[in-house]
Amino acid sequence: MMQSSALAAEGAVKGLPEILGVPVQQIPQCAGCNQHILDKFILKVLDRHWHSSCLKCADCHMQLAERCFSRAGSVYCKEDFFK
């Protein structure tokens with residue numbers, strides 16, 4: 001019994017908690033809300049991770065579900081990008 005718990009702890013960094021058996025430092029943080037992403041789907045835009053509900057246009061704040069555009073590190077919907 002002690003052997004199995006010791007093996008589970010080997011992959012984690014000492015002193016840091018785990019979430020669902022994964023060390024916290026390995027769980028991506030959302031660029032929109034800075035919370036760890038535990039969702040089934042993770043969006044990656046501009047080399048940053050996002051919850052699907054946090055990826056929004058920088059101007060109109062509409063949630064971006066299918067397509068987004070970027071300029072100067074910000075994300076936009078099609079209409080605001082071409083303004």
# chains A, B, ... in the order shown; residues from 1 in each chain; ligands from 1
$ residues_around --residues "Val45 in chain A" --least-positions-apart "2" --cutoff "10 Å" --atoms "only C-alpha atoms" --output "ChimeraX atom specification"
/A:31,42-43,47-50,55,68-70,73-75
$ closest_residue --among "A:Cys77, A:Arg67, A:Ala72, A:Ile27" --to "Asp39 in chain A" --atoms "only C-alpha atoms"
A:Ile27
$ atom_distance --atom1 "CA of Gln25 in chain A" --atom2 "CA of Lys56 in chain A"
25.1 Å
$ closest_residue --among "A:Val22, A:Asp80, A:Pro28, A:Arg71" --to "Phe41 in chain A" --atoms "only C-alpha atoms"
A:Pro28
$ closest_residue --among "A:Cys54, A:Glu66, A:Asn34, A:Cys60" --to "Glu79 in chain A" --atoms "only C-alpha atoms"
A:Cys60
$ closest_residue --among "A:Met62, A:His51, A:Val24, A:Tyr76" --to "Ile37 in chain A" --atoms "only C-alpha atoms"
A:His51
